[in-house]
$ cat query08.cif   # mmCIF, C-alpha atoms
data_data
loop_
_atom_site.label_atom_id
_atom_site.label_comp_id
_atom_site.auth_asym_id
_atom_site.auth_seq_id
_atom_site.Cartn_x
_atom_site.Cartn_y
_atom_site.Cartn_z
CA MET T 276 29.51 2.74 -75.73
CA THR T 277 26.39 0.72 -75.18
CA VAL T 278 25.83 -0.59 -71.68
CA LYS T 279 23.68 -3.64 -71.55
CA LYS T 280 21.30 -3.52 -68.63
CA ALA T 281 20.90 -6.71 -66.59
CA SER T 282 17.41 -8.09 -66.43
CA ALA T 283 15.46 -7.70 -63.18
CA LYS T 284 15.45 -11.48 -62.75
CA LYS T 285 19.27 -11.69 -62.92
CA VAL T 286 19.68 -8.82 -60.46
CA THR T 287 17.37 -10.54 -57.94
CA ALA T 288 19.31 -13.79 -58.31
CA ARG T 289 22.61 -12.00 -57.70
CA LYS T 290 21.19 -10.27 -54.62
CA THR T 291 19.99 -13.61 -53.22
CA VAL T 292 23.42 -15.21 -53.71
CA ALA T 293 25.12 -12.20 -52.12
CA LYS T 294 22.73 -12.33 -49.15
CA LYS T 295 23.36 -16.06 -48.62
CA ALA T 296 27.12 -15.55 -48.78
CA SER T 297 26.88 -12.65 -46.33
CA THR T 298 24.83 -14.72 -43.86
CA ALA T 299 27.27 -17.61 -44.10
CA ARG T 300 30.17 -15.28 -43.33
CA SER T 301 28.48 -13.54 -40.42
CA ILE T 302 27.42 -16.69 -38.55
CA PRO T 303 30.39 -18.99 -38.05
CA ARG T 304 28.82 -22.30 -37.12
CA VAL T 305 30.53 -24.14 -34.30
CA TYR T 306 29.04 -27.55 -33.86
CA ALA T 307 29.19 -28.33 -30.15
CA VAL T 308 27.87 -31.84 -30.64
CA ARG T 309 30.33 -33.78 -32.71
CA LYS T 310 33.48 -35.69 -31.94
CA VAL T 311 34.76 -33.09 -29.51
CA HIS T 312 36.99 -35.26 -27.43
CA ILE T 313 38.40 -38.70 -28.01
CA ALA T 314 40.55 -39.99 -25.20
CA PRO T 315 41.37 -43.63 -24.45
CA PRO T 316 38.70 -45.07 -22.14
CA SER T 317 39.38 -45.42 -18.44
CA SER T 318 39.18 -48.81 -16.78
CA ALA T 319 36.54 -49.53 -14.13
CA THR T 320 39.28 -49.32 -11.49
CA GLU T 321 40.33 -45.85 -12.66
CA ILE T 322 36.71 -44.62 -12.64
CA ARG T 323 36.21 -45.98 -9.11
CA GLU T 324 39.43 -44.33 -7.92
CA THR T 325 38.52 -40.95 -9.44
CA LEU T 326 35.10 -41.00 -7.78
CA ARG T 327 36.53 -42.39 -4.52
CA ILE T 328 34.07 -45.25 -4.59
CA SER T 329 34.52 -47.37 -1.47
CA SER T 330 34.25 -51.13 -1.15
CA ALA T 331 30.95 -50.57 0.72
CA ASP T 332 29.65 -48.64 -2.31
CA ILE T 333 30.72 -51.50 -4.60
CA ARG T 334 28.99 -54.07 -2.38
CA ALA T 335 25.78 -51.99 -2.36
CA ALA T 336 25.97 -51.65 -6.14
CA LEU T 337 26.46 -55.39 -6.64
CA ASP T 338 23.51 -56.10 -4.32
CA ALA T 339 21.35 -53.74 -6.37
CA LEU T 340 22.37 -55.55 -9.56
CA THR T 341 21.47 -58.96 -8.17
CA ASP T 342 18.03 -60.24 -9.17
CA MET Q 169 41.93 -20.77 -6.42
CA ALA Q 170 44.35 -23.59 -7.20
CA LYS Q 171 44.08 -24.75 -10.78
CA PRO Q 172 44.81 -28.31 -11.80
CA GLN Q 173 47.85 -28.75 -14.01
CA HIS Q 174 45.77 -30.43 -16.69
CA PRO Q 175 42.14 -31.47 -16.75
CA ASP Q 176 41.39 -35.19 -16.53
CA ASP Q 177 40.94 -36.32 -20.15
CA THR Q 178 38.28 -38.85 -19.27
CA ALA Q 179 36.31 -36.87 -16.67
CA VAL Q 180 33.01 -35.34 -17.77
CA PHE Q 181 31.22 -32.72 -15.69
CA LEU Q 182 27.42 -33.06 -15.71
CA ASN Q 183 25.49 -29.80 -15.52
CA VAL Q 184 21.92 -31.10 -15.57
CA PRO Q 185 18.64 -30.60 -13.68
CA PHE Q 186 18.50 -32.78 -10.58
CA ASP Q 187 14.78 -33.45 -10.45
CA ARG Q 188 12.77 -36.68 -10.32
CA ALA Q 189 11.46 -36.37 -13.87
CA TYR Q 190 15.02 -36.15 -15.12
CA GLU Q 191 16.21 -39.32 -13.35
CA PRO Q 192 15.86 -41.69 -16.35
CA LEU Q 193 17.92 -39.25 -18.43
CA PHE Q 194 20.49 -38.83 -15.65
CA VAL Q 195 20.87 -42.61 -15.42
CA ALA Q 196 21.18 -42.71 -19.23
CA LEU Q 197 23.99 -40.13 -19.03
CA VAL Q 198 25.84 -42.15 -16.38
CA ALA Q 199 25.35 -45.36 -18.41
CA ALA Q 200 26.54 -43.85 -21.70
CA LEU Q 201 29.58 -42.12 -20.18
CA THR Q 202 30.64 -45.19 -18.23
CA ALA Q 203 30.18 -47.38 -21.32
CA LEU Q 204 32.64 -45.04 -23.07
CA GLY Q 205 35.14 -45.27 -20.20
CA ARG Q 206 34.46 -41.68 -19.11
CA THR Q 207 34.06 -40.68 -15.47
CA PRO Q 208 30.85 -38.77 -14.72
CA ARG Q 209 31.40 -35.90 -12.24
CA CYS Q 210 28.79 -33.53 -10.84
CA VAL Q 211 27.95 -31.13 -8.03
CA LEU Q 212 26.34 -33.97 -6.07
CA GLU Q 213 29.90 -34.72 -4.96
CA ILE Q 214 30.12 -31.24 -3.43
CA PRO Q 215 28.41 -30.39 -0.10
CA ASP Q 216 25.15 -28.48 -0.61
CA HIS Q 217 25.95 -25.47 1.51
CA GLY Q 218 28.83 -23.55 2.93
CA GLN Q 219 31.25 -20.95 1.75
CA GLY Q 220 33.41 -21.81 -1.18
CA ARG Q 221 30.81 -23.97 -2.93
CA LEU Q 222 31.13 -21.90 -6.09
CA ASN Q 223 34.91 -22.20 -5.97
CA ARG Q 224 34.60 -25.96 -5.63
CA ILE Q 225 32.23 -26.06 -8.60
CA MET Q 226 34.81 -24.08 -10.60
CA GLU Q 227 37.58 -26.47 -9.55
CA HIS Q 228 35.36 -29.40 -10.47
CA LEU Q 229 34.70 -27.89 -13.91
CA GLU Q 230 38.39 -27.17 -14.44
CA SER Q 231 39.36 -30.70 -13.50
CA CYS Q 232 37.15 -32.18 -16.25
CA ALA Q 233 38.20 -32.04 -19.93
CA VAL Q 234 34.57 -32.10 -21.03
CA SER Q 235 31.37 -30.69 -19.56
CA ILE Q 236 27.81 -31.53 -20.56
CA HIS Q 237 25.09 -28.89 -20.17
CA ASP Q 238 21.44 -29.86 -20.51
CA LEU Q 239 19.46 -26.66 -21.08
CA SER Q 240 16.07 -28.32 -21.51
CA ARG Q 241 14.55 -27.12 -18.19
CA VAL Q 242 13.13 -23.79 -19.29
CA GLY Q 243 9.68 -23.89 -17.67
CA MET Q 244 8.52 -22.93 -14.19
CA PRO Q 245 9.90 -22.93 -11.58
CA ALA Q 246 12.79 -21.13 -13.24
CA ARG Q 247 16.15 -22.87 -12.82
CA PHE Q 248 19.21 -20.72 -13.37
CA ASN Q 249 21.94 -23.14 -12.28
CA MET Q 250 22.39 -24.78 -15.69
CA PRO Q 251 22.89 -21.59 -17.76
CA PHE Q 252 24.99 -20.12 -14.95
CA GLU Q 253 27.32 -23.14 -14.89
CA LEU Q 254 27.46 -23.11 -18.70
CA GLY Q 255 28.66 -19.51 -18.40
CA LEU Q 256 31.36 -20.63 -15.97
CA ALA Q 257 32.38 -23.44 -18.33
CA TYR Q 258 32.52 -21.08 -21.29
CA ALA Q 259 34.67 -18.64 -19.31
CA ILE Q 260 37.05 -21.44 -18.34
CA ARG Q 261 37.27 -22.64 -21.92
CA THR Q 262 37.82 -19.28 -23.55
CA LEU Q 263 39.56 -17.18 -20.91
CA SER Q 264 41.15 -19.30 -18.23
CA MET Q 265 42.32 -22.30 -20.25
CA PRO Q 266 42.25 -21.36 -23.95
CA GLN Q 267 45.00 -23.84 -24.85
CA SER Q 268 43.54 -26.76 -22.93
CA PRO Q 269 41.53 -29.57 -24.54
CA TYR Q 270 38.50 -28.42 -22.49
CA ARG Q 271 35.24 -28.70 -24.45
CA PHE Q 272 31.55 -28.52 -23.68
CA VAL Q 273 28.54 -30.34 -25.09
CA LEU Q 274 25.09 -28.75 -25.14
CA LEU Q 275 21.89 -30.74 -24.86
CA GLU Q 276 18.25 -29.80 -25.41
CA LYS Q 277 14.95 -31.62 -25.57
CA ILE Q 278 13.39 -29.67 -28.42
CA PRO Q 279 15.12 -28.68 -31.69
CA HIS Q 280 15.78 -24.95 -32.32
CA ARG Q 281 14.46 -23.88 -28.88
CA LEU Q 282 17.92 -22.95 -27.62
CA ASN Q 283 18.09 -20.24 -30.29
CA ARG Q 284 15.25 -18.50 -28.44
CA THR Q 285 16.10 -19.31 -24.81
CA LEU Q 286 19.84 -18.64 -25.03
CA SER Q 287 20.53 -16.78 -28.25
CA ASP Q 288 24.10 -15.99 -27.12
CA MET Q 289 24.87 -19.65 -27.85
CA ALA Q 290 23.17 -19.60 -31.25
CA ALA Q 291 26.37 -20.67 -32.97
CA HIS Q 292 26.47 -23.92 -30.97
CA ASP Q 293 24.14 -26.68 -32.08
CA PRO Q 294 22.88 -28.73 -29.13
CA GLY Q 295 22.30 -32.47 -29.19
CA ILE Q 296 18.56 -33.15 -29.09
CA HIS Q 297 17.60 -36.00 -26.77
CA GLN Q 298 13.80 -35.50 -27.09
CA GLY Q 299 13.44 -36.29 -23.38
CA LYS Q 300 14.12 -39.97 -24.09
CA PRO Q 301 16.91 -42.14 -22.62
CA LEU Q 302 17.79 -43.62 -26.03
CA GLY Q 303 17.96 -40.10 -27.44
CA MET Q 304 20.29 -39.08 -24.61
CA ILE Q 305 22.50 -42.13 -25.16
CA SER Q 306 22.71 -41.37 -28.89
CA CYS Q 307 23.69 -37.74 -28.16
CA ILE Q 308 26.51 -38.83 -25.83
CA LEU Q 309 27.83 -41.54 -28.14
CA ASP Q 310 27.72 -39.06 -31.02
CA ALA Q 311 29.56 -36.36 -29.09
CA LEU Q 312 32.12 -38.42 -27.19
CA GLY Q 313 32.16 -41.86 -28.77
CA THR Q 314 34.76 -43.38 -31.01
CA GLY Q 315 32.36 -44.49 -33.72
CA LYS Q 316 32.57 -48.10 -34.87
CA LEU Q 317 34.96 -49.10 -32.10
CA GLY Q 318 32.64 -48.06 -29.26
CA PRO Q 319 29.38 -49.54 -27.98
CA ALA Q 320 26.18 -49.22 -30.03
CA ALA Q 321 23.31 -47.09 -28.72
CA GLU Q 322 21.05 -50.16 -28.44
CA GLU Q 323 23.65 -51.97 -26.33
CA VAL Q 324 23.96 -49.01 -23.97
CA HIS Q 325 20.15 -48.77 -23.86
CA ASP Q 326 20.05 -52.38 -22.59
CA MET Q 327 22.62 -51.41 -19.97
CA TRP Q 328 20.44 -48.41 -19.03
CA ARG Q 329 17.42 -50.69 -18.38
CA THR Q 330 19.42 -52.77 -15.90
CA LEU Q 331 20.91 -49.66 -14.32
CA MET Q 332 17.43 -48.16 -13.81
CA LYS Q 333 16.39 -51.26 -11.86
CA ALA Q 334 19.57 -50.97 -9.78
CA ALA Q 335 18.85 -47.26 -9.18
CA ARG Q 336 15.37 -48.11 -7.82
CA ARG Q 337 16.87 -50.74 -5.49
CA LEU Q 338 19.60 -48.35 -4.31
CA LYS Q 339 16.97 -45.72 -3.48
CA ASP Q 340 14.81 -48.27 -1.66
CA ALA Q 341 17.79 -49.53 0.34
CA GLU Q 342 18.58 -45.98 1.51
CA GLY Q 343 14.94 -44.91 1.90
CA LYS Q 344 15.46 -42.04 -0.56
CA ASP Q 345 13.04 -40.59 -3.09
CA THR Q 346 15.68 -39.66 -5.64
CA ILE Q 347 19.09 -40.80 -6.76
CA TYR Q 348 20.54 -37.32 -6.25
CA SER Q 349 22.78 -37.66 -3.23
CA ALA Q 350 26.54 -38.02 -2.96
CA ALA Q 351 26.32 -41.59 -1.65
CA LEU Q 352 23.74 -42.82 -4.17
CA PHE Q 353 25.57 -41.16 -7.06
CA LYS Q 354 28.73 -43.10 -6.15
CA ARG Q 355 26.79 -46.34 -5.88
CA LEU Q 356 25.04 -45.70 -9.18
CA ALA Q 357 28.43 -45.07 -10.81
CA ALA Q 358 29.77 -48.26 -9.20
CA ALA Q 359 26.85 -50.23 -10.65
CA ALA Q 360 27.38 -48.62 -14.05
CA THR Q 361 31.09 -49.52 -14.12
CA GLU Q 362 30.24 -53.11 -13.16
CA LEU Q 363 27.72 -53.34 -16.02
CA ALA Q 364 30.17 -51.73 -18.46
CA VAL Q 365 32.81 -54.34 -17.56
CA ARG Q 366 30.28 -57.19 -17.87
CA ALA Q 367 29.28 -55.91 -21.33
CA ASP Q 368 32.98 -55.72 -22.30
CA PHE Q 369 32.74 -51.99 -22.98
CA ILE Q 370 35.65 -51.13 -20.66
CA PRO Q 371 38.46 -53.09 -19.02
CA ALA Q 372 38.17 -54.07 -15.34
#

$ encode --input "query08.cif" --output "structure tokens"
Amino acid sequence: MTVKKASAKKVTARKTVAKKASTARSIPRVYAVRKVHIAPPSSATEIRETLRISSADIRAALDALTD
Amino acid sequence: MAKPQHPDDTAVFLNVPFDRAYEPLFVALVAALTALGRTPRCVLEIPDHGQGRLNRIMEHLESCAVSIHDLSRVGMPARFNMPFELGLAYAIRTLSMPQSPYRFVLLEKIPHRLNRTLSDMAAHDPGIHQGKPLGMISCILDALGTGKLGPAAEEVHDMWRTLMKAARRLKDAEGKDTIYSAALFKRLAAAATELAVRADFIPA
């Protein structure tokens, strides 16, 4: 039986493809920055309650926003 | 340590450098999160010293469904708090609360640098803010926004400009050099919520 030998160029190409596939398998990419969390937005009241923002804090904030 | 039943879906823990140079980016973070109806939380709410501080940081992290870690301060003087707290957050996510919706967002100033400074996190691509407020706002809207339904980066950038002026006035009123105190953080957040309501980003 005659075995046809692959050309050096074809062998290199196969090796490159195999290497790329191997790299892709060994490094599972986890994209931290993407739509990681979509919850309905809080209202301003809810944000203030969570942070325990007092009426004095709100007054100071409004003063700082006044030109 | 008592664990919360479920982390607050809208609370976001900020693990960032608290230095003067970072203030415009910190204000941008508060502006972007508030514009999205998220509640910014950070260690400024926790007393500086005393036993149990680490436990309180852990409880704070566990109470927030999302944490943001800016790992851009890699020069001198060395700051280890950010990578340390990222380690805590990772442990919470993978070990303590694997079934919870807890997630973290990484931020950097320079592309590809995190691969060298923290190669353990090489599989996580950070958002690159380039040290610019608009870059920071874009990173946050990209990571936590709802796309077309949410505010545009330019709109939040306008809000940031007004909030920066308010931050300067708040510091002047208290005679402080920086915004990084428990009281000023609350007032900054109060100003941000007011601006977010005025811009119709969130309900009152």

$ interface_residues --input "query08.cif" --of "chain Q" --to "chain T" --cutoff "6 Å" --atoms "only C-alpha atoms" --output "VMD selection string"
chain Q and resid 205 207 273 291 to 293 295 311 to 312 334 337 354 to 355 358 to 359 361 370 to 372

$ atom_distance --input "query08.cif" --atom1 "atom CA of Phe369 of chain Q" --atom2 "atom CA of Ala321 of chain Q"
12.1 Å

$ resolve_selection --input "query08.cif" --expression "the PyMOL selection byres ((chain Q and resi 305) around 12)" --output "VMD selection string"
chain Q and resid 192 to 204 275 295 to 304 306 to 313 319 to 328

$ atom_distance --input "query08.cif" --atom1 "atom CA of Ala259 of chain Q" --atom2 "atom CA of Pro245 of chain Q"
26.3 Å

$ closest_residue --input "query08.cif" --among "Q:Pro185, Q:Pro279, Q:Leu363, Q:Pro215" --to "Gly243 of chain Q" --atoms "all atoms listed in the file"
Q:Pro185

$ atom_distance --input "query08.cif" --atom1 "atom CA of Phe353 of chain Q" --atom2 "atom CA of Tyr270 of chain Q"
23.8 Å
